[in-house]
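Following: one structure in structure tokens, then a few remarks.
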Amino acid sequence: MQSIAVLASGGLDSCALAADLARESTVHPLYVRAGLAWEQEEMAALGEFLDAAAIPSIRPVEQLSVPVASLYGDHWSVSGKDVPGAETPDSAVYLPGRNILLLSHAAVWCSLRGVHRIALGTLQDNPFSDASPQFFVALGNVLSQGLDHEIEIVTPYRALHKSELIRAHARLPLELSLSCMAPAHGVHCGDCNKCHERQSAFAEAGIPDKTIYEKIYNYG
């Protein structure tokens, strides 16, 4: 089986992606620690999901490190204060340079281990310039040249909305994934931008949401 690295955050999208790709490839989940406020909760969720999914072709999670505190300062993603709420626009949750940092580190890891593909769970709804098809092609070319090692960045879900992804993967233990910017003890806050997106997508998909939230909105 060919190998592929998956940037795995513990979120619903990347968890489903790892399970999908494991049908035909050996999957290497990469979790990149950056010093963000929710990382301990994410790591726990990722471990629980992978344990429950029990897919032999998914290898143990590899942890990389790229601290951003010196760049981000007191940004809400580091401090955990004033986390964007349910009604904020998507632009409020943008993390500058996030994909550049993640993919650059993942590419170096891949070049040292003979892996040539990196996958992300980017969806159609992602509006940011560092999640466009053109960006991924350009960055893949730059990394391939700089590392003298061919790197292809793939985004199999780029044409899907989150509700469609949920509907197609209802068999997976999606409730164990984490899509929250202010989680506590494995419980989604239910009040942040990401929780709003998650609850709304489950409602649109018509799939029962088994996720535990501190606060639940009525999307009926």
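Ordering of the structure tokens sets the chain letters (A, B, ...); residue numbers start at 1 within each chain; ligands are numbered from 1 in the order shown.
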
**Asked** Using the chain letters and numbers from this document, which residues of segment 14-53 of chain A does DSSP assign to helix (DSSP H, G or I), as an MDAnalysis selection string?
**Response** chainID A and resid 14:21 39:53

Store the residues picked out above, limited to C-alpha atoms, as a PDB file, in the first residue's frame.
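New file out-v1.pdb:
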```
ATOM      1  CA  SER A  14      -9.664  15.179   9.219  1.00  0.00           C
ATOM      2  CA  CYS A  15     -10.892  12.168  11.218  1.00  0.00           C
ATOM      3  CA  ALA A  16     -13.225  11.151   8.393  1.00  0.00           C
ATOM      4  CA  LEU A  17     -10.418  11.756   5.887  1.00  0.00           C
ATOM      5  CA  ALA A  18      -8.000   9.460   7.699  1.00  0.00           C
ATOM      6  CA  ALA A  19     -10.613   6.696   7.731  1.00  0.00           C
ATOM      7  CA  ASP A  20     -11.402   7.167   4.033  1.00  0.00           C
ATOM      8  CA  LEU A  21      -7.802   7.166   2.853  1.00  0.00           C
ATOM      9  CA  GLU A  39      -4.658  21.312  21.626  1.00  0.00           C
ATOM     10  CA  GLN A  40      -4.755  18.987  24.645  1.00  0.00           C
ATOM     11  CA  GLU A  41      -8.463  18.405  24.063  1.00  0.00           C
ATOM     12  CA  GLU A  42      -7.896  17.866  20.349  1.00  0.00           C
ATOM     13  CA  MET A  43      -5.159  15.318  20.894  1.00  0.00           C
ATOM     14  CA  ALA A  44      -7.361  13.379  23.294  1.00  0.00           C
ATOM     15  CA  ALA A  45     -10.257  13.424  20.819  1.00  0.00           C
ATOM     16  CA  LEU A  46      -8.036  12.272  17.952  1.00  0.00           C
ATOM     17  CA  GLY A  47      -6.768   9.351  20.023  1.00  0.00           C
ATOM     18  CA  GLU A  48     -10.270   8.333  21.071  1.00  0.00           C
ATOM     19  CA  PHE A  49     -11.578   8.485  17.515  1.00  0.00           C
ATOM     20  CA  LEU A  50      -8.732   6.416  16.079  1.00  0.00           C
ATOM     21  CA  ASP A  51      -9.002   3.862  18.883  1.00  0.00           C
ATOM     22  CA  ALA A  52     -12.734   3.496  18.288  1.00  0.00           C
ATOM     23  CA  ALA A  53     -12.371   3.337  14.499  1.00  0.00           C
TER      24      ALA A  53
END
```

**Prompt:** Quick one: residues within 12 Å of Leu101 of chain A, only C-alpha atoms counted, chain neighbours fewer than 5 positions away excluded, as a list in words?
**Reply:** Leu7, Val32, Arg33, Ala34, Leu64, Ser65, Val66, Pro67, Val68, Leu71, Leu95, Pro96, Ala106, Ala107, Val108, Asp130, Leu139 and Leu143 of chain A

Those residues you just picked out, can you put them in a file as a PDB file, in the first residue's frame with C-alpha atoms?
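Saved to out-v5.pdb:
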```pdb
ATOM      1  CA  LEU A   7      -2.855  16.539   8.793  1.00  0.00           C
ATOM      2  CA  VAL A  32       1.165  19.636  14.689  1.00  0.00           C
ATOM      3  CA  ARG A  33       1.369  21.298  18.086  1.00  0.00           C
ATOM      4  CA  ALA A  34       1.453  25.085  17.821  1.00  0.00           C
ATOM      5  CA  LEU A  64       5.309  17.683  15.307  1.00  0.00           C
ATOM      6  CA  SER A  65       5.871  21.084  16.887  1.00  0.00           C
ATOM      7  CA  VAL A  66       5.702  24.601  15.440  1.00  0.00           C
ATOM      8  CA  PRO A  67       5.102  27.113  18.278  1.00  0.00           C
ATOM      9  CA  VAL A  68       3.300  30.267  17.156  1.00  0.00           C
ATOM     10  CA  LEU A  71       4.104  35.291  16.063  1.00  0.00           C
ATOM     11  CA  LEU A  95      -5.317  31.821  11.737  1.00  0.00           C
ATOM     12  CA  PRO A  96      -2.631  33.664   9.711  1.00  0.00           C
ATOM     13  CA  ALA A 106       4.597  17.977   7.329  1.00  0.00           C
ATOM     14  CA  ALA A 107       6.544  18.116   4.059  1.00  0.00           C
ATOM     15  CA  VAL A 108       9.895  17.944   5.837  1.00  0.00           C
ATOM     16  CA  ASP A 130      -4.502  29.445   1.938  1.00  0.00           C
ATOM     17  CA  LEU A 139       2.943  25.293  -2.268  1.00  0.00           C
ATOM     18  CA  LEU A 143       8.105  22.325  -1.248  1.00  0.00           C
TER      19      LEU A 143
END
```

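DSSP on the backbone gives strand (DSSP E) for these parts of segment 97-198 of chain A: Arg117, Ile118, Ala119, Glu152, Ile153 and Val154 of chain A.
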
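Distance check against His149 of chain A using only C-alpha atoms: of A:Lys210, A:Arg117, A:Arg167, A:Arg198, the minimum falls on A:Arg117.
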
**Prompt:** What does the distance from atom CA of Gln134 of chain A to atom CA of Leu160 of chain A come to in Å, to one decimal?
**Reply:** 17.4 Å

**Complete:** Among A:Val187, A:Leu102, A:Ala159, A:Met181, Ser132 of chain A is approached most closely, using only C-alpha atoms, by A:Ala159

**Request:** Pick out the closest residue to Gln124 of chain A from this set: A:Leu172, A:Ala138, A:Leu165, A:Leu112. Count only C-alpha atoms.
**Result:** A:Leu165

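With atom CA of Pro127 of chain A on one side and atom CA of Tyr94 of chain A on the other, the separation reads 9.6 Å.
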